[in-house]
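Engineer: One structure coming up, written as structure tokens, with questions to follow.
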Amino acid sequence: MITNIGELAGADEDRWLIENAALVIEGDRIAWAGPSADAPAADERYDAGGRAVLPGFVDSHAHLVFAGERAEEFAARMSGRPYAAGGIRTTVERTRAASDDDLRANVRRLVAEMARQGTTTVECKSGYGLSVEQEERAVRIAAELVDEVTFLGAHVVPAGADPADYVRLVSGPMLEACAPYARWIDVFCERGAFDADQTRQILDAGRAAGLHPRLHANQLGYGPGVRIAVEYDAASADHCTFLSSEDVAALAGSRTVATLLPGVEFSTRQPYPDARALIDAGAHVALATDCNPGSCYSSSMAFCVALAVREMRMTPEEAVRAATEGGARALRRTDVGHLRPGARADVLLLDAPSHIHLAYRPGVPLVAQVWHRGKAI
Ligand code: NIG
Ligand code: FE
């Protein structure tokens, strides 16, 4: 039992915050949550010292199976060069040349880095292999190490390939090799990557193979991505940087989550997505890192929360909920992102009295303790 919790978030369906609370973990599950005064007996106690406890972060969008880095590209961007989808090919070259163990070590390193910062559920995409063998290897390694795996063979057309041939490869042999390891299929639907027809062709094939869609949509400009995501009942439309009012309305009228990745806007000097318009229209919103060596090499959900509050005018409560229950919804998971009885015991103790400090004290490591599946890490 975690006792003396000053502020407990996400443990009650009716009120997101409970003050002076306790939380009981049994095995890998939450057994009880509520006001300290009503707490049951427990054989082991951990004193939270009046600090805040929240559900572990759910990072529903990351690209972790890669080798190398692109610091020079980032530096060039900061002095004015725009971000372009083509940068992905640099990482593809490095990734193809890496051994299985190198890639495995990279994913492990980043998942551990995430866990230290309070992230307890991780989604990871392929997309830096772009051949049948290389993509199969990426999803296989991801499946060993993360909760949710997404097949993103349609990240970019590899150098020298014919686009139509490549779309056939992704929708055919590559999908067949990758489907056993993945739950989701994703397409980078964007000018410079895949257009609307190609996106539909790939999503249709993915659905026929039993995968469910999620989409990289409207990151670099206005386009059809968000509306295709809604049309396909995608679990999530990710980025949503450039949204028309029709896009906002489509999301609001659907169960597709708008997953905002403000670390990308920070690291590419783009405008931030209009989170207020989405929330005010009634759309479901999630926050995720997009951790990858190109558009955002940050694994920090706390940083995303701070950006969401400062730059996107989300309230601290909206931002933390988007980083926990929003991420869970974007992965169609009901066992994570909250701390109600039955939830996976993924618990984050902050070195702060309230969740507001995540935005109020940006850049400060505020994680005091993390429990993953009931075990202190
Ligand atoms: O989500 N948009 C496409 N994919 C990644 C970037 C990948 C890269 O630049 O290496 C993203 O931003
Ligand atoms: Fe991404």
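By order in the structure tokens, chains are A, B, ...; within a chain, residues start at 1; ligands start at 1, following the order shown.
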Write out as JSON, numbers by chain the residues lying within 8 Å of Met312 in chain A, counting only C-alpha atoms and excluding same-chain residues fewer than 6 positions away.
Structural biologist: {"A": [272, 273, 274, 275, 276]}
Engineer: Can I get the selected residues back with C-alpha atoms, as a PDB file, in the first residue's frame?
Structural biologist:
```
ATOM      1  CA  TYR A 272       2.192  23.597 -32.728  1.00  0.00           C
ATOM      2  CA  PRO A 273      -1.094  21.780 -33.428  1.00  0.00           C
ATOM      3  CA  ASP A 274      -4.293  23.477 -32.341  1.00  0.00           C
ATOM      4  CA  ALA A 275      -5.034  21.364 -29.286  1.00  0.00           C
ATOM      5  CA  ARG A 276      -7.660  23.818 -28.037  1.00  0.00           C
TER       6      ARG A 276
END
```
Engineer: So which residues touch Thr289 in chain A within 7 Å, counting only C-alpha atoms, skipping near sequence neighbours fewer than 5 positions away, as a PyMOL selection string?
Structural biologist: chain A and resi 59+61-62+261+263+298-301+304
Engineer: Would you save the residues of that selection, restricted to N, CA and C atoms, as a CSV table (one decimal), in the first residue's frame?
Structural biologist:
```csv
chain,number,residue,atom,x,y,z
A,59,ASP,N,3.2,6.1,-23.7
A,59,ASP,CA,3.8,6.7,-24.9
A,59,ASP,C,3.3,5.9,-26.1
A,61,HIS,N,3.4,6.6,-29.3
A,61,HIS,CA,4.0,6.8,-30.6
A,61,HIS,C,5.5,7.0,-30.5
A,62,ALA,N,6.2,5.9,-30.9
A,62,ALA,CA,7.7,6.0,-30.9
A,62,ALA,C,8.3,5.2,-32.0
A,261,LEU,N,2.1,15.5,-31.0
A,261,LEU,CA,3.5,15.1,-30.7
A,261,LEU,C,4.3,16.4,-30.6
A,263,GLY,N,6.8,17.5,-29.2
A,263,GLY,CA,8.3,17.4,-29.3
A,263,GLY,C,8.8,17.6,-30.7
A,298,SER,N,13.5,12.9,-28.4
A,298,SER,CA,13.3,13.0,-26.9
A,298,SER,C,12.3,11.9,-26.5
A,299,SER,N,12.6,11.3,-25.4
A,299,SER,CA,11.8,10.2,-24.8
A,299,SER,C,11.0,10.7,-23.6
A,300,SER,N,11.0,12.0,-23.4
A,300,SER,CA,10.4,12.5,-22.2
A,300,SER,C,8.9,12.9,-22.4
A,301,MET,N,8.0,12.2,-21.7
A,301,MET,CA,6.6,12.6,-21.7
A,301,MET,C,6.4,13.8,-20.9
A,304,CYS,N,6.8,16.7,-23.1
A,304,CYS,CA,5.6,16.9,-23.9
A,304,CYS,C,4.5,17.6,-23.1
```
Engineer: For Leu339 in chain A, which residue among A:Arg29, A:Arg168, A:Arg109, A:Arg70 is the nearest when counting only C-alpha atoms?
Structural biologist: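 Closest candidate: A:Arg29.
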Engineer: For each of A:Glu148, A:Asp14, A:Glu69, A:Asp101, take the minimum atom-to-atom distance to Thr120 in chain A, counting only C-alpha atoms, then give the residue where this is smallest.
Structural biologist: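 Looking only at the distances to Thr120 in chain A, the closest residue turns out to be A:Glu148.
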Engineer: Pick out the closest residue to ligand 2 from this set: A:Ser79, A:Thr95, A:Thr121, A:Gln219. Count only C-alpha atoms and all ligand atoms.
Structural biologist: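 The answer is A:Gln219, which sits nearest to ligand 2.
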Engineer: Could you name the residues that touch Leu110 in chain A at 12 Å or less, counting only C-alpha atoms, but leaving out those on the same chain fewer than 4 positions away, as a short mmCIF file (atom, residue, chain, number, x, y, z; two decimals) with C-alpha atoms, in the first residue's frame?
Structural biologist:
```
data_model
loop_
_atom_site.label_atom_id
_atom_site.label_comp_id
_atom_site.auth_asym_id
_atom_site.auth_seq_id
_atom_site.Cartn_x
_atom_site.Cartn_y
_atom_site.Cartn_z
CA ALA A 62 7.71 6.03 -30.91
CA HIS A 63 10.23 4.74 -33.47
CA LEU A 64 12.90 2.92 -31.47
CA VAL A 65 14.28 0.28 -33.84
CA PHE A 66 17.09 2.24 -35.46
CA ALA A 67 20.85 2.71 -35.49
CA LEU A 103 19.07 -2.90 -32.69
CA ARG A 104 17.87 -4.84 -29.66
CA ALA A 105 20.29 -2.90 -27.45
CA ASN A 106 19.03 0.40 -28.87
CA MET A 114 11.56 6.07 -20.90
CA ALA A 115 10.90 4.01 -17.77
CA ARG A 116 13.22 6.19 -15.69
CA GLN A 117 11.09 9.15 -16.79
CA THR A 119 6.73 5.86 -19.07
CA VAL A 122 5.45 1.91 -24.99
CA GLU A 123 4.33 1.65 -28.59
CA CYS A 124 7.05 1.16 -31.20
CA ALA A 142 10.12 -4.59 -31.12
CA LEU A 145 10.68 -5.45 -25.86
CA VAL A 146 7.57 -3.23 -25.98
CA THR A 289 6.91 11.67 -27.79
CA CYS A 291 10.91 9.44 -30.05
CA ASN A 292 13.01 8.91 -33.21
CA PRO A 293 16.45 10.05 -34.42
CA TYR A 297 14.91 12.60 -30.33
CA SER A 298 13.27 13.01 -26.93
CA SER A 299 11.80 10.19 -24.84
CA SER A 300 10.38 12.55 -22.22
#
```
Engineer: Can you work out the spacing between CA of Ala31 in chain A and CA of Ala11 in chain A in Å, to one decimal?
Structural biologist: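 One can read the CA of Ala31 in chain A to CA of Ala11 in chain A distance as 10.9 Å.
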